[in-house]
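Remarks on the structure that follows.
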Amino acid sequence: MFGLKSNLRVGLDIGSHAIKMVMAERGGHGKQRLVKAISRDIYTGQEKYDPDGPKKATIVPILLEMFQEAGLHPRRVHHLGSCIGGLNIAAKEILSVSLPDEEMSSAILNEARKHLPLDGSESIVDYQVLGEDHKDPDKVRVLVAATTKRMFDAHLDILREIELKPGVIDLEPLAALNSYLGHAELPDEGVIVFLNLGARRTNLLVVGRKDVFFNRDLPVGGYAFTSEIMRKLDVKFVEAEEIKKSQGLNTSIQAVGADGGAESLALSDKSALDKLGDEINRSLRYYVKETGQSIFTKFVLVGGLAESKELCEYLQQKFGVETVSYDPLAFFEGAGEVRHRMQYAAAAGLAVRAQAI
Ligand SMILES: Nc1ncnc2c1ncn2[C@@H]1O[C@H](COP(=O)(O)OP(=O)(O)OP(=O)(O)O)[C@@H](O)[C@H]1O
Ligand SMILES: [Mg+2]
């Protein structure tokens with residue numbers, strides 16, 4: 001009885017718009033079986049969306065409700081994967097001379113601190129050796145991930161408040177990417193562009209077999225579209241969210257156009273869609289300049305905003321590259337019924353990673 005749920009792995013992603021949880025266990029033939037995927041929007045009433053992320057007092061009751069719905073007490077979770085997102089997280093690939101394990105750690109951590117664009121306060125740094133550098137066999141490619149101690153402690157504080165034992169703690173963009181890398185083939189030549197499209201921001205990651213890993217956070221996510229609709233149609237957050245989902249991302253612009261006001265849209269007043277397109281374009285140009293690699297074979301979209309077909313089509317047309325919304329639950333047994341699946345990328349990646357320990 002007590003051991004019944006001990007094989008259960010929980011992936012938890014506390015976003016600024018929604019909290020997502022994926023519970024999984026080992027199924028047949030080494031596959032994962034989905035036990036439950038639950039998502040809760042944080043702002044459902046008149047409260048204002050806070051791009052800095054919700055406060056602990058807002059998150060805790062929602063989390064408790066989610067665990068209640070799952071029929072599981074947080075204390076009984078033995079394998080938890082959770083993630084930190086938003087500002088003040090950084091991931092970067094660096095090259096390091098290959099050293100014995102004992103020396104590797106301090107050498108990399110010292111090197112890493114120089115590269116990480118955090119706010120200068122005390123930081124928490126971790127790393128993973130990716131493999132040999134194919135240009136210089138004396139060196140190894142290392143992925144360093146960091147966040148500030150303040151963000152890390154605030155995250156632990158939330159987990160402890162509901163008696164969840166911290167397990168694997170990852171950065172959100174890496175957790176989301178893990179939901180894809182476990183199943184997808186990377187191209188032999190060139191790189192893929194992976195976009196985790198959340199509410200406050202979009203994590204852009206460029207990944208290939210041989211090419212350097214790159215990531216950057218773009219300051220445009222689903223909230224930029226919502227606030228555009230709020231402003232132009234003079235509606236509240238919840239209504240704007242509804243309009244965005246039912247009528248499309250460019251609704252507010254079309255609505256202004258329909259009553260003859262299109263001319264009033266100044267050219268400088270770029271739509272959120274164009275801003276996002278421009279941000280992606282700028283990052284990819286930078287990547288090409290830095291690495292010389294310009295073959296982008298595919299755009300892969302996850303995150304809540306990846307539900308939008310319109311966005312998928314827009315990006316495909318703008319960049320002329322195959323663009324797909326990726327279903328992070330596709331490889332789980334028993335996930336057939338789950339709706340709005342793209343948002344679960346980070347939580348699914350974490351549930352699978354928690355599986356490995
Ligand atoms: N069908 C849809 N069409 C357009 N946008 C959608 C759709 N479904 C969800 N979204 C948007 O996706 C965003 C939420 O995505 P997600 O849950 O990934 O965000 P989050 O993880 O909470 O945010 P962040 O990581 O940026 O803090 C919201 O802006 C929401 O309006
Ligand atoms: Mg998110």
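Residue numbers start at 1 in each chain; chains themselves are named A, B, ... in the order of the structure tokens; ligands are numbered from 1 in the order shown.
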Name all residues at most 10 Å from Thr226 in chain A (count only C-alpha atoms; drop same-chain ones fewer than 6 positions away) and give them as a PyMOL selection string.
-> chain A and resi 199+235-245+249+252+272
Prev. selection, C-alpha atoms, output as a PDB file, in the first residue's frame:
ATOM      1  CA  ALA A 199       3.748  33.997 -21.360  1.00  0.00           C
ATOM      2  CA  VAL A 235     -10.763  44.749 -22.440  1.00  0.00           C
ATOM      3  CA  LYS A 236      -9.526  43.079 -19.257  1.00  0.00           C
ATOM      4  CA  PHE A 237      -6.876  40.347 -19.082  1.00  0.00           C
ATOM      5  CA  VAL A 238      -9.223  37.345 -18.874  1.00  0.00           C
ATOM      6  CA  GLU A 239     -11.360  38.569 -21.763  1.00  0.00           C
ATOM      7  CA  ALA A 240      -8.297  39.358 -23.853  1.00  0.00           C
ATOM      8  CA  GLU A 241      -6.999  35.826 -23.228  1.00  0.00           C
ATOM      9  CA  GLU A 242     -10.314  34.423 -24.467  1.00  0.00           C
ATOM     10  CA  ILE A 243     -10.256  36.579 -27.583  1.00  0.00           C
ATOM     11  CA  LYS A 244      -6.660  35.653 -28.336  1.00  0.00           C
ATOM     12  CA  LYS A 245      -7.376  31.931 -28.098  1.00  0.00           C
ATOM     13  CA  LEU A 249      -3.188  36.523 -32.379  1.00  0.00           C
ATOM     14  CA  SER A 252      -6.807  43.455 -32.308  1.00  0.00           C
ATOM     15  CA  ALA A 272       3.582  41.441 -31.121  1.00  0.00           C
TER      16      ALA A 272
END
Please give me, as a PyMOL selection string, the residues lying within 12 Å of ligand 2 when counting only C-alpha atoms and all ligand atoms.
-> chain A and resi 12-21+39+41+51+53+82-87+171-177+195-203+217+221-223+302-306+342-347
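Distance annotation: of A:Lys298, A:Arg33, A:His340, A:Lys149, the residue with the minimal separation from ligand 1 is A:His340; atom set is only C-alpha atoms and all ligand atoms.
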Could you please write out, as a VMD selection string, every residue of range 118-304 of chain A that DSSP assigns to alpha helix (DSSP H)?
-> chain A and resid 149 to 161 172 to 181 222 to 233 237 to 247 251 to 258 272 to 291
Distance CA of Ser123 in chain A-CA of Asp211 in chain A, one decimal place?
->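 Straight-line distance from CA of Ser123 in chain A to CA of Asp211 in chain A works out to 27.4 Å.
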From range 18-205 of chain A, collect each residue whose DSSP state is strand (DSSP E) and return the set as JSON, numbers by chain.
-> {"A": [18, 19, 20, 21, 22, 23, 24, 25, 26, 32, 33, 34, 35, 36, 37, 38, 39, 40, 41, 79, 80, 81, 82, 83, 84, 89, 90, 91, 92, 93, 94, 95, 96, 97, 123, 124, 125, 126, 127, 128, 129, 130, 131, 132, 139, 140, 141, 142, 143, 144, 145, 146, 147, 148, 168, 169, 170, 171, 191, 192, 193, 194, 195, 196, 197, 202, 203, 204, 205]}
Using atom 10 (N, counted along the ligand's line) of ligand 1 and CA of Ser246 in chain A as the two end points, give the distance in Å to one decimal.
-> 10.4 Å
Which neighbours of Glu189 in chain A fall inside 8 Å, counting only C-alpha atoms, when residues of the same chain fewer than 4 positions from it are skipped, and could you give them as a list in words?
-> Gly208, Arg209 and Ile295 of chain A
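For the pair CA of Tyr326 in chain A and CA of Val22 in chain A, the separation is 16.2 Å.
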Tell me, as a count of residues only, which residues lie within 8 Å of range 151-157 of chain A, counting only C-alpha atoms; anything in the same chain fewer than 5 positions away does not count.
-> 4
Of the candidates A:Val142, A:Leu64, A:Val324, A:Ala37, which one gets nearest to Glu161 in chain A if we count only C-alpha atoms?
->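 Smallest distance to Glu161 in chain A is found for A:Leu64.
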Leu34 in chain A environment, 10 Å, only C-alpha atoms, sequence neighbours closer than 3 positions dropped, as a list in words | Leu8, Arg9, Val22, Met23, Ala24, Glu25, Arg26, Gly27, Lys31, Ala37, Leu329, Phe331, Phe332, Glu333, Gly334, Ala335, Gly336, Val338, Ala348 and Ala351 of chain A
Residues from last step as file, C-alpha atoms, as a short mmCIF file (atom, residue, chain, number, x, y, z; two decimals), in the first residue's frame:
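Just written: part38.cif:
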data_model
loop_
_atom_site.label_atom_id
_atom_site.label_comp_id
_atom_site.auth_asym_id
_atom_site.auth_seq_id
_atom_site.Cartn_x
_atom_site.Cartn_y
_atom_site.Cartn_z
CA LEU A 8 5.81 7.80 -9.60
CA ARG A 9 7.78 10.66 -11.11
CA VAL A 22 3.12 15.84 -15.26
CA MET A 23 2.99 12.61 -13.29
CA ALA A 24 4.41 9.55 -14.93
CA GLU A 25 5.58 6.05 -14.16
CA ARG A 26 7.41 3.37 -16.02
CA GLY A 27 5.05 1.58 -18.40
CA LYS A 31 7.95 3.50 -22.18
CA ALA A 37 -1.14 15.95 -16.59
CA LEU A 329 3.26 13.93 -24.41
CA PHE A 331 5.61 9.35 -26.36
CA PHE A 332 3.72 8.72 -23.13
CA GLU A 333 1.32 5.79 -22.96
CA GLY A 334 -2.16 6.80 -21.88
CA ALA A 335 -1.87 10.49 -22.75
CA GLY A 336 -4.58 10.41 -25.42
CA VAL A 338 -4.94 15.35 -22.47
CA ALA A 348 7.21 16.37 -19.26
CA ALA A 351 9.11 13.91 -15.26
#
Which of these, A:Pro328, A:Gly167, A:Gly248, A:Gly11, has the shortest distance to ligand 1 once you count only C-alpha atoms and all ligand atoms?
->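 Comparing A:Pro328, A:Gly167, A:Gly248, A:Gly11 against ligand 1, the winner is A:Gly248.
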Residue with smallest distance to Asp133 in chain A - pool A:Leu95, A:Ile42, A:Leu116, A:Ala70, counting only C-alpha atoms =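 Under the stated criterion, the closest residue is A:Leu95.
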Looking at only C-alpha atoms and all ligand atoms, which of A:Arg353, A:Arg113, A:Arg341, A:Arg150 is the one that sits closest to ligand 1?
->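 Distance minimum relative to ligand 1 lands on A:Arg341.
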Would you mind listing what lies within 12 Å of Val140 in chain A as an MDAnalysis selection string, with only C-alpha atoms counted and same-chain residues fewer than 4 positions away left out?
-> chainID A and resid 93:100 104 108 128:136 212
Looking at A:Glu163, A:Glu310, A:Glu290, A:Asp170, which one is nearest to His78 in chain A, with distances taken over only C-alpha atoms?
-> A:Glu163
